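Asks: Next up, structure.csv (CSV, C-alpha atoms and all ligand atoms).
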chain,number,residue,atom,x,y,z
A,1,MET,CA,-45.1,-9.2,-210.9
A,2,LEU,CA,-42.5,-9.1,-208.1
A,3,SER,CA,-40.5,-12.2,-207.5
A,4,ILE,CA,-39.7,-13.0,-203.8
A,5,ASP,CA,-36.8,-15.2,-203.0
A,6,LYS,CA,-37.5,-17.5,-200.0
A,7,THR,CA,-34.2,-16.3,-198.4
A,8,LEU,CA,-36.0,-13.0,-197.8
A,9,PHE,CA,-38.3,-14.7,-195.3
A,10,ILE,CA,-38.4,-12.9,-191.8
A,11,GLY,CA,-41.1,-14.6,-189.8
A,12,GLU,CA,-44.7,-15.9,-189.7
A,13,GLY,CA,-47.7,-15.6,-187.4
A,14,ARG,CA,-51.0,-17.4,-187.5
A,15,ASN,CA,-52.1,-16.0,-190.8
A,16,ARG,CA,-49.2,-14.5,-192.7
A,17,LYS,CA,-45.7,-15.0,-193.9
A,18,CYS,CA,-43.5,-11.9,-193.9
A,19,TYR,CA,-40.6,-11.2,-196.3
A,20,ILE,CA,-38.1,-8.4,-196.8
A,21,HIS,CA,-39.1,-6.4,-200.0
A,22,PRO,CA,-36.5,-7.5,-202.6
A,23,ASN,CA,-36.1,-3.9,-203.9
A,24,ASP,CA,-36.5,-1.9,-200.7
A,25,ASN,CA,-34.7,-2.7,-197.5
A,26,ASP,CA,-37.1,-0.7,-195.4
A,27,LEU,CA,-40.3,-2.5,-196.4
A,28,CYS,CA,-41.6,-5.9,-195.8
A,29,ILE,CA,-44.3,-7.8,-197.7
A,30,LYS,CA,-46.9,-9.9,-195.9
A,31,ILE,CA,-48.5,-12.8,-197.8
A,32,SER,CA,-51.7,-14.1,-196.2
A,33,SER,CA,-52.8,-17.7,-196.1
A,34,LYS,CA,-56.3,-18.3,-197.5
A,35,LYS,CA,-57.8,-18.3,-194.0
A,36,GLY,CA,-56.0,-15.1,-193.2
A,37,SER,CA,-57.2,-13.1,-196.2
A,38,ARG,CA,-60.4,-11.8,-194.6
A,39,SER,CA,-58.5,-10.3,-191.7
A,40,SER,CA,-55.9,-8.8,-194.1
A,41,ASN,CA,-58.7,-7.2,-196.1
A,42,ARG,CA,-60.2,-5.8,-192.9
A,43,GLU,CA,-56.7,-4.5,-191.8
A,44,ARG,CA,-56.1,-2.9,-195.2
A,45,ARG,CA,-59.4,-1.0,-195.0
A,46,TYR,CA,-58.7,0.1,-191.5
A,47,PHE,CA,-55.3,1.5,-192.4
A,48,LYS,CA,-56.9,3.4,-195.3
A,49,ARG,CA,-59.3,5.0,-192.9
A,50,LEU,CA,-56.4,5.8,-190.5
A,51,HIS,CA,-54.7,7.6,-193.4
A,52,PHE,CA,-57.9,9.3,-194.5
A,53,PHE,CA,-58.4,10.7,-191.0
A,54,GLY,CA,-54.7,11.8,-190.8
A,55,LYS,CA,-53.8,9.8,-187.7
A,56,ASN,CA,-50.3,10.0,-186.3
A,57,MET,CA,-48.8,6.6,-187.2
A,58,SER,CA,-45.6,7.0,-185.1
A,59,MET,CA,-46.0,3.9,-183.0
A,60,ILE,CA,-47.2,1.7,-185.8
A,61,SER,CA,-45.5,0.0,-188.7
A,62,ASP,CA,-47.4,1.8,-191.4
A,63,TYR,CA,-49.2,0.3,-194.4
A,64,LYS,CA,-47.7,1.1,-197.8
A,65,GLY,CA,-50.1,-0.6,-200.3
A,66,ARG,CA,-50.7,-3.8,-202.1
A,67,ILE,CA,-48.3,-5.6,-204.4
A,68,LYS,CA,-48.5,-8.7,-206.7
A,69,THR,CA,-45.8,-11.3,-206.1
A,70,ASP,CA,-45.0,-14.8,-207.3
A,71,LEU,CA,-46.1,-16.0,-203.8
A,72,GLY,CA,-49.5,-14.3,-204.2
A,73,ASN,CA,-50.9,-10.9,-203.4
A,74,GLY,CA,-49.0,-9.1,-200.7
A,75,ASP,CA,-49.3,-6.1,-198.4
A,76,MET,CA,-46.4,-3.8,-197.9
A,77,PHE,CA,-45.5,-2.3,-194.5
A,78,GLU,CA,-42.6,-0.4,-193.0
A,79,LEU,CA,-40.0,-2.9,-192.0
A,80,ILE,CA,-38.8,-2.2,-188.4
A,81,ARG,CA,-35.0,-2.3,-188.1
A,82,ASP,CA,-32.6,-1.3,-185.3
A,83,SER,CA,-30.0,1.3,-186.0
A,84,ASP,CA,-27.4,-1.4,-186.8
A,85,GLY,CA,-29.7,-2.7,-189.6
A,86,SER,CA,-30.8,-5.9,-187.9
A,87,ILE,CA,-34.6,-6.6,-187.8
A,88,SER,CA,-36.0,-5.3,-184.5
A,89,LYS,CA,-36.8,-7.8,-181.8
A,90,SER,CA,-40.2,-8.5,-180.2
A,91,LEU,CA,-41.6,-7.7,-176.8
A,92,LYS,CA,-41.4,-11.5,-176.2
A,93,TYR,CA,-37.7,-11.5,-176.9
A,94,TYR,CA,-37.0,-8.6,-174.6
A,95,LEU,CA,-39.2,-9.9,-171.7
A,96,ASN,CA,-37.2,-13.2,-171.9
A,97,LEU,CA,-34.0,-11.3,-171.3
A,98,ASN,CA,-35.4,-10.5,-167.8
A,99,ASP,CA,-33.2,-7.4,-167.5
A,100,ASP,CA,-34.2,-4.6,-165.0
A,101,THR,CA,-33.0,-1.7,-167.1
A,102,ILE,CA,-34.6,-3.1,-170.3
A,103,ASN,CA,-37.8,-3.9,-168.4
A,104,LYS,CA,-38.1,-0.3,-167.3
A,105,GLN,CA,-37.8,0.8,-170.9
A,106,LEU,CA,-40.5,-1.7,-171.9
A,107,ILE,CA,-42.9,-0.5,-169.2
A,108,SER,CA,-42.4,3.1,-170.1
A,109,GLN,CA,-42.9,2.5,-173.9
A,110,ILE,CA,-46.0,0.4,-173.2
A,111,GLU,CA,-47.4,3.3,-171.2
A,112,GLN,CA,-46.6,5.6,-174.1
A,113,LEU,CA,-48.4,3.2,-176.4
A,114,ARG,CA,-51.5,3.2,-174.1
A,115,LEU,CA,-51.6,7.1,-174.2
A,116,TYR,CA,-51.0,7.1,-177.9
A,117,LEU,CA,-53.8,4.6,-178.7
A,118,ILE,CA,-56.2,6.7,-176.6
A,119,ASN,CA,-55.2,10.1,-177.9
A,120,GLU,CA,-55.2,9.0,-181.5
A,121,TYR,CA,-58.2,6.8,-181.0
A,122,ILE,CA,-56.7,3.8,-182.8
A,123,LEU,CA,-58.3,0.4,-182.1
A,124,ILE,CA,-56.5,-2.8,-181.3
A,125,SER,CA,-57.6,-6.4,-181.8
A,126,ASP,CA,-54.6,-8.6,-181.1
A,127,LEU,CA,-51.7,-6.9,-179.4
A,128,GLY,CA,-49.7,-10.0,-178.5
A,129,VAL,CA,-46.1,-10.2,-177.4
A,130,ASP,CA,-45.1,-11.2,-180.9
A,131,ASN,CA,-46.9,-8.3,-182.5
A,132,ILE,CA,-45.0,-5.6,-180.7
A,133,LEU,CA,-41.4,-4.8,-181.7
A,134,PHE,CA,-38.8,-2.5,-180.1
A,135,GLN,CA,-36.6,-0.5,-182.4
A,136,LYS,CA,-33.1,-0.1,-180.8
A,137,ASP,CA,-31.1,3.0,-181.5
A,138,SER,CA,-27.3,3.4,-181.2
A,139,HIS,CA,-27.6,4.4,-177.5
A,140,ASN,CA,-29.6,1.2,-176.8
A,141,ASN,CA,-32.8,3.2,-176.4
A,142,LEU,CA,-35.9,1.2,-177.3
A,143,THR,CA,-38.9,2.6,-179.2
A,144,LEU,CA,-42.1,0.5,-179.4
A,145,LYS,CA,-43.6,-0.3,-182.8
A,146,VAL,CA,-46.8,-2.3,-183.3
A,147,ILE,CA,-46.5,-4.5,-186.4
A,148,ASP,CA,-49.8,-6.4,-186.2
A,149,GLY,CA,-53.2,-6.5,-184.4
A,150,ILE,CA,-54.3,-3.0,-185.2
A,151,GLY,CA,-58.1,-2.3,-185.8
A,152,ASP,CA,-61.3,-3.8,-184.6
A,153,ASN,CA,-61.8,-7.3,-185.7
A,154,ASN,CA,-65.6,-7.0,-186.1
A,155,GLN,CA,-66.6,-7.3,-189.7
A,156,VAL,CA,-68.6,-4.0,-189.6
A,157,PRO,CA,-66.4,-1.2,-188.2
A,158,PHE,CA,-69.0,0.5,-186.1
A,159,LEU,CA,-66.8,0.8,-183.0
A,160,GLU,CA,-64.6,3.3,-184.8
A,161,PHE,CA,-67.5,5.7,-184.7
A,162,ILE,CA,-68.7,5.1,-181.2
A,163,LYS,CA,-65.7,6.1,-179.1
A,164,PRO,CA,-66.8,5.0,-175.6
A,165,LEU,CA,-67.6,1.5,-176.9
A,166,GLY,CA,-64.3,1.4,-178.9
A,167,LEU,CA,-62.3,2.3,-175.9
A,168,LYS,CA,-64.0,-0.4,-173.8
A,169,ARG,CA,-63.2,-2.9,-176.5
A,170,SER,CA,-59.6,-1.8,-176.6
A,171,ALA,CA,-59.5,-2.1,-172.8
A,172,LYS,CA,-60.5,-5.8,-173.0
A,173,LYS,CA,-57.8,-6.4,-175.6
A,174,TRP,CA,-55.3,-4.6,-173.5
A,175,ASP,CA,-56.1,-6.9,-170.5
A,176,ILE,CA,-55.4,-9.9,-172.8
A,177,LEU,CA,-51.9,-8.4,-173.6
A,178,ILE,CA,-51.3,-7.8,-169.8
A,179,SER,CA,-52.3,-11.4,-169.0
A,180,GLU,CA,-50.0,-12.7,-171.7
A,181,ILE,CA,-47.1,-10.7,-170.2
A,182,THR,CA,-48.1,-12.0,-166.8
A,183,THR,CA,-47.3,-15.6,-167.8
A,184,THR,CA,-43.6,-14.8,-168.3
A,185,SER,CA,-43.0,-11.6,-166.5
A,186,PRO,CA,-45.5,-10.9,-163.7
A,187,ASN,CA,-43.2,-8.1,-162.3
A,188,VAL,CA,-43.5,-6.2,-165.6
A,189,ALA,CA,-47.2,-6.9,-166.0
A,190,LYS,CA,-47.9,-5.5,-162.5
A,191,LYS,CA,-46.5,-2.1,-163.6
A,192,ILE,CA,-48.7,-1.7,-166.7
A,193,LYS,CA,-51.7,0.5,-166.2
A,194,PRO,CA,-55.2,-0.7,-167.2
A,195,PHE,CA,-56.2,0.8,-170.6
A,196,ILE,CA,-58.8,3.2,-169.0
A,197,SER,CA,-59.1,3.8,-165.3
B,1,LIG,N1,-43.1,-4.5,-189.9
B,1,LIG,C1,-42.3,-5.6,-189.5
B,1,LIG,N2,-41.0,-5.4,-189.2
B,1,LIG,C2,-40.2,-6.5,-188.8
B,1,LIG,N3,-40.7,-7.8,-188.7
B,1,LIG,C3,-42.0,-8.0,-189.0
B,1,LIG,C4,-42.9,-6.9,-189.4
B,1,LIG,N4,-44.1,-7.4,-189.6
B,1,LIG,C5,-44.0,-8.7,-189.3
B,1,LIG,N5,-42.8,-9.1,-189.0
B,1,LIG,C6,-42.4,-10.5,-188.6
B,1,LIG,O1,-43.2,-11.4,-189.3
B,1,LIG,C7,-44.0,-12.1,-188.3
B,1,LIG,C8,-45.4,-12.3,-188.9
B,1,LIG,O2,-46.0,-11.1,-189.2
B,1,LIG,P1,-47.5,-10.7,-188.6
B,1,LIG,O3,-47.9,-9.5,-189.3
B,1,LIG,O4,-47.5,-10.7,-187.1
B,1,LIG,O5,-48.4,-12.0,-189.1
B,1,LIG,P2,-49.7,-12.7,-188.5
B,1,LIG,O6,-50.8,-11.8,-188.9
B,1,LIG,O7,-49.7,-14.0,-189.2
B,1,LIG,O8,-49.5,-12.8,-187.0
B,1,LIG,C9,-43.9,-11.3,-187.1
B,1,LIG,O9,-44.2,-12.0,-185.9
B,1,LIG,C10,-42.5,-10.7,-187.1
B,1,LIG,O10,-41.6,-11.7,-186.8
B,2,MG,MG,-48.8,-11.5,-185.7
Once you've parsed the file, please lay out its structure as C-alpha cells.
Ligand SMILES: Nc1ncnc2c1ncn2[C@@H]1O[C@H](COP(=O)(O)OP(=O)(O)O)[C@@H](O)[C@H]1O
Ligand SMILES: [Mg+2]
Replies:
Amino acid sequence: MLSIDKTLFIGEGRNRKCYIHPNDNDLCIKISSKKGSRSSNRERRYFKRLHFFGKNMSMISDYKGRIKTDLGNGDMFELIRDSDGSISKSLKYYLNLNDDTINKQLISQIEQLRLYLINEYILISDLGVDNILFQKDSHNNLTLKVIDGIGDNNQVPFLEFIKPLGLKRSAKKWDILISEITTTSPNVAKKIKPFIS
C-alpha cells in the first residue's frame, strides 16, 4: 500500500482530493469521498472505453489506473505541470487575470477543445472553470488540458453509442461552461462558439 504524505495535497473539488504521486512527479492520485465514489467508478469505466476505442487523449489528463493508498483507493492521472515544473493553473485563474493577450489564447484553445471533442466524439459532463487547466510552456504559450468532467454522467452509457444524442447532450453542458465564463468574463464568453451550430 502506498503512503501519501498530506504535504502532497494539490487541491480538491466537490468529490475528490488530489495529491502528487509520492513516487512519480508526473502523476497525481485522486481519492474520492464516499459520495463521489459512484462518479469515480463511472469515470474509470469511461476512460477504459476511450482507451479501448483508441481515442486521441491529447487534450485530456489521461487516466493511469487504480492504486491502493493509506488514504483509501485512489485513481492515478497525468499531473499537468507548466514547463517550469509548477502545477498548471486553471481557466478560472487565467480569466481572473483579465489580460487581452491571454484571453485570446484561452478563446483559441477553447475552440480547439470544441473541435477536438466533436472529432474524437468524447462526451463531457461537467466542464467547469476549475476542471480545465492551461499548461504553460517556456514561451508562455498555453495548452488546454481537461482534468475532470469527462464522460456522460448517466448511469447507463447509452449516449456514447447514439452520436446525435450525445452531441446534443455535450452541447447543453458546453452552454453551462459558457454561462459560467459569462459571470466573470462576458467579453471572453461572447467569443466562444456554441458546441454545434
Ligand atoms: N491532472 C491534474 N493536474 C493538476 N491538478 C489537478 C489535476 N487533477 C486535479 N487537480 C487539482 O485537484 C482539484 C480537484 O480535482 P478534481 O478532479 O477536479 O476533483 P472533483 O471531482 O472533486 O472536482 C482540481 O480542481 C485541481 O486543482
Ligand atoms: Mg473538479
Asks: So, counting only C-alpha atoms, which residue among A:Asp175, A:Gln135, A:Ile110, A:Asn23 is closest to Ser83 of chain A?
Replies: A:Gln135
Asks: Taking a cut-off of 12 Å and counting only C-alpha atoms and all ligand atoms, can you build a table that, for each residue of chain A near ligand MG 2 (chain B), reports the nearest atom pair and how far apart they are in Å (one decimal), sorted by chain then residue number, as JSON lines?
Replies:
{"residue": "A:Gly11", "atom": "CA", "partner": "B:MG2", "partner_atom": "MG", "distance": 9.3}
{"residue": "A:Glu12", "atom": "CA", "partner": "B:MG2", "partner_atom": "MG", "distance": 7.2}
{"residue": "A:Gly13", "atom": "CA", "partner": "B:MG2", "partner_atom": "MG", "distance": 4.6}
{"residue": "A:Arg14", "atom": "CA", "partner": "B:MG2", "partner_atom": "MG", "distance": 6.5}
{"residue": "A:Asn15", "atom": "CA", "partner": "B:MG2", "partner_atom": "MG", "distance": 7.6}
{"residue": "A:Arg16", "atom": "CA", "partner": "B:MG2", "partner_atom": "MG", "distance": 7.6}
{"residue": "A:Lys17", "atom": "CA", "partner": "B:MG2", "partner_atom": "MG", "distance": 9.4}
{"residue": "A:Cys18", "atom": "CA", "partner": "B:MG2", "partner_atom": "MG", "distance": 9.8}
{"residue": "A:Lys30", "atom": "CA", "partner": "B:MG2", "partner_atom": "MG", "distance": 10.5}
{"residue": "A:Ser32", "atom": "CA", "partner": "B:MG2", "partner_atom": "MG", "distance": 11.2}
{"residue": "A:Gly36", "atom": "CA", "partner": "B:MG2", "partner_atom": "MG", "distance": 11.0}
{"residue": "A:Ser39", "atom": "CA", "partner": "B:MG2", "partner_atom": "MG", "distance": 11.5}
{"residue": "A:Ser40", "atom": "CA", "partner": "B:MG2", "partner_atom": "MG", "distance": 11.3}
{"residue": "A:Ser90", "atom": "CA", "partner": "B:MG2", "partner_atom": "MG", "distance": 10.6}
{"residue": "A:Ser125", "atom": "CA", "partner": "B:MG2", "partner_atom": "MG", "distance": 10.9}
{"residue": "A:Asp126", "atom": "CA", "partner": "B:MG2", "partner_atom": "MG", "distance": 8.0}
{"residue": "A:Leu127", "atom": "CA", "partner": "B:MG2", "partner_atom": "MG", "distance": 8.3}
{"residue": "A:Gly128", "atom": "CA", "partner": "B:MG2", "partner_atom": "MG", "distance": 7.4}
{"residue": "A:Val129", "atom": "CA", "partner": "B:MG2", "partner_atom": "MG", "distance": 8.8}
{"residue": "A:Asp130", "atom": "CA", "partner": "B:MG2", "partner_atom": "MG", "distance": 6.1}
{"residue": "A:Asn131", "atom": "CA", "partner": "B:MG2", "partner_atom": "MG", "distance": 4.9}
{"residue": "A:Ile132", "atom": "CA", "partner": "B:MG2", "partner_atom": "MG", "distance": 8.6}
{"residue": "A:Leu133", "atom": "CA", "partner": "B:MG2", "partner_atom": "MG", "distance": 10.8}
{"residue": "A:Val146", "atom": "CA", "partner": "B:MG2", "partner_atom": "MG", "distance": 9.7}
{"residue": "A:Ile147", "atom": "CA", "partner": "B:MG2", "partner_atom": "MG", "distance": 7.4}
{"residue": "A:Asp148", "atom": "CA", "partner": "B:MG2", "partner_atom": "MG", "distance": 5.2}
{"residue": "A:Gly149", "atom": "CA", "partner": "B:MG2", "partner_atom": "MG", "distance": 6.8}
{"residue": "A:Ile150", "atom": "CA", "partner": "B:MG2", "partner_atom": "MG", "distance": 10.1}
Asks: Let's have the selection written as a PDB file, keeping the file's coordinate frame, with C-alpha atoms.
Replies:
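Below is the file selection-v8.pdb, written as the result:
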ATOM      1  CA  GLY A  11     -41.100 -14.600-189.800  1.00  0.00           C
ATOM      2  CA  GLU A  12     -44.700 -15.900-189.700  1.00  0.00           C
ATOM      3  CA  GLY A  13     -47.700 -15.600-187.400  1.00  0.00           C
ATOM      4  CA  ARG A  14     -51.000 -17.400-187.500  1.00  0.00           C
ATOM      5  CA  ASN A  15     -52.100 -16.000-190.800  1.00  0.00           C
ATOM      6  CA  ARG A  16     -49.200 -14.500-192.700  1.00  0.00           C
ATOM      7  CA  LYS A  17     -45.700 -15.000-193.900  1.00  0.00           C
ATOM      8  CA  CYS A  18     -43.500 -11.900-193.900  1.00  0.00           C
ATOM      9  CA  LYS A  30     -46.900  -9.900-195.900  1.00  0.00           C
ATOM     10  CA  SER A  32     -51.700 -14.100-196.200  1.00  0.00           C
ATOM     11  CA  GLY A  36     -56.000 -15.100-193.200  1.00  0.00           C
ATOM     12  CA  SER A  39     -58.500 -10.300-191.700  1.00  0.00           C
ATOM     13  CA  SER A  40     -55.900  -8.800-194.100  1.00  0.00           C
ATOM     14  CA  SER A  90     -40.200  -8.500-180.200  1.00  0.00           C
ATOM     15  CA  SER A 125     -57.600  -6.400-181.800  1.00  0.00           C
ATOM     16  CA  ASP A 126     -54.600  -8.600-181.100  1.00  0.00           C
ATOM     17  CA  LEU A 127     -51.700  -6.900-179.400  1.00  0.00           C
ATOM     18  CA  GLY A 128     -49.700 -10.000-178.500  1.00  0.00           C
ATOM     19  CA  VAL A 129     -46.100 -10.200-177.400  1.00  0.00           C
ATOM     20  CA  ASP A 130     -45.100 -11.200-180.900  1.00  0.00           C
ATOM     21  CA  ASN A 131     -46.900  -8.300-182.500  1.00  0.00           C
ATOM     22  CA  ILE A 132     -45.000  -5.600-180.700  1.00  0.00           C
ATOM     23  CA  LEU A 133     -41.400  -4.800-181.700  1.00  0.00           C
ATOM     24  CA  VAL A 146     -46.800  -2.300-183.300  1.00  0.00           C
ATOM     25  CA  ILE A 147     -46.500  -4.500-186.400  1.00  0.00           C
ATOM     26  CA  ASP A 148     -49.800  -6.400-186.200  1.00  0.00           C
ATOM     27  CA  GLY A 149     -53.200  -6.500-184.400  1.00  0.00           C
ATOM     28  CA  ILE A 150     -54.300  -3.000-185.200  1.00  0.00           C
TER      29      ILE A 150
END
Asks: Could you tell me which of A:Lys145, A:Arg45, A:Asp100, A:Arg66 comes closest to ligand LIG 1 (chain B) if we count only C-alpha atoms and all ligand atoms?
Replies: A:Lys145
Asks: With a distance cut-off of 12 Å and all atoms listed in the file, select the neighbouring residues of Lys168 of chain A, excluding the residue or stretch itself and same-chain residues fewer than 5 positions from it, and output the selection as a ChimeraX atom specification.
Replies: /A:118,121,123-125,152,159-160,162-163,173-175,194-197
Asks: Those selected residues, please, written with C-alpha atoms and delivered as a compact mmCIF listing (two decimals), in the frame of the given file.
Replies:
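Saved to selection-v2.txt:
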# COMPACT_ATOMS: atom_id res chain seq x y z
CA ILE A 118 -56.20 6.70 -176.60
CA TYR A 121 -58.20 6.80 -181.00
CA LEU A 123 -58.30 0.40 -182.10
CA ILE A 124 -56.50 -2.80 -181.30
CA SER A 125 -57.60 -6.40 -181.80
CA ASP A 152 -61.30 -3.80 -184.60
CA LEU A 159 -66.80 0.80 -183.00
CA GLU A 160 -64.60 3.30 -184.80
CA ILE A 162 -68.70 5.10 -181.20
CA LYS A 163 -65.70 6.10 -179.10
CA LYS A 173 -57.80 -6.40 -175.60
CA TRP A 174 -55.30 -4.60 -173.50
CA ASP A 175 -56.10 -6.90 -170.50
CA PRO A 194 -55.20 -0.70 -167.20
CA PHE A 195 -56.20 0.80 -170.60
CA ILE A 196 -58.80 3.20 -169.00
CA SER A 197 -59.10 3.80 -165.30
Asks: So, counting only C-alpha atoms, which residue among A:Ser179, A:Ser185, A:Thr143, A:Asn153 is closest to Arg44 of chain A?
Replies: A:Asn153
Asks: Point out the residue among A:Leu144, A:Leu71, A:Leu165, A:Leu50 with the least atom-to-atom distance to ligand LIG 1 (chain B), counting only C-alpha atoms and all ligand atoms.
Replies: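 Of the candidates, the smallest distance to ligand LIG 1 (chain B) is held by A:Leu144.
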Asks: Which residue gives the smallest distance to Gly65 of chain A among A:Leu27, A:Leu91, A:Leu97, A:Ile176, with only C-alpha atoms counted?
Replies: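 Closest to Gly65 of chain A, using only C-alpha atoms: A:Leu27.
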Asks: Using all atoms listed in the file, find the one residue out of A:Lys92, A:Glu43, A:Gly72, A:Lys193 that sits nearest to Glu180 of chain A.
Replies: A:Lys92
Asks: How far is it from atom CA of Glu120 of chain A to atom CA of His51 of chain A, in Å with one decimal?
Replies: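 Straight-line distance from atom CA of Glu120 of chain A to atom CA of His51 of chain A works out to 12.0 Å.
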Asks: Would you compute the distance between atom C6 of ligand LIG 1 (chain B) and atom CA of Leu113 of chain A? Give it in Å to one decimal.
Replies: 19.3 Å
Asks: To one decimal place in Å, what is the distance between atom CA of Ile67 of chain A and atom CA of Lys136 of chain A?
Replies: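 Distance reported for this atom pair: 28.6 Å.
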Asks: Quick one: residues within 10 Å of Leu79 of chain A, all atoms listed in the file counted, chain neighbours fewer than 2 positions away excluded, as an mmCIF file with C-alpha atoms, in the coordinates of the input?
Replies:
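What follows is the written file around_15.cif:
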data_model
loop_
_atom_site.group_PDB
_atom_site.id
_atom_site.type_symbol
_atom_site.label_atom_id
_atom_site.label_comp_id
_atom_site.auth_asym_id
_atom_site.auth_seq_id
_atom_site.Cartn_x
_atom_site.Cartn_y
_atom_site.Cartn_z
ATOM 1 C CA CYS A 18 -43.500 -11.900 -193.900
ATOM 2 C CA TYR A 19 -40.600 -11.200 -196.300
ATOM 3 C CA ILE A 20 -38.100 -8.400 -196.800
ATOM 4 C CA HIS A 21 -39.100 -6.400 -200.000
ATOM 5 C CA ASP A 24 -36.500 -1.900 -200.700
ATOM 6 C CA ASN A 25 -34.700 -2.700 -197.500
ATOM 7 C CA ASP A 26 -37.100 -0.700 -195.400
ATOM 8 C CA LEU A 27 -40.300 -2.500 -196.400
ATOM 9 C CA CYS A 28 -41.600 -5.900 -195.800
ATOM 10 C CA ILE A 29 -44.300 -7.800 -197.700
ATOM 11 C CA SER A 61 -45.500 0.000 -188.700
ATOM 12 C CA ASP A 62 -47.400 1.800 -191.400
ATOM 13 C CA MET A 76 -46.400 -3.800 -197.900
ATOM 14 C CA PHE A 77 -45.500 -2.300 -194.500
ATOM 15 C CA ARG A 81 -35.000 -2.300 -188.100
ATOM 16 C CA ILE A 87 -34.600 -6.600 -187.800
ATOM 17 C CA SER A 88 -36.000 -5.300 -184.500
ATOM 18 C CA ILE A 147 -46.500 -4.500 -186.400
#
Asks: Can you tell me which residues surround Ile4 of chain A at a distance of at most 7 Å, considering all atoms listed in the file, apart from same-chain residues fewer than 5 positions away, and format the answer as a ChimeraX atom specification?
Replies: /A:22,69-70
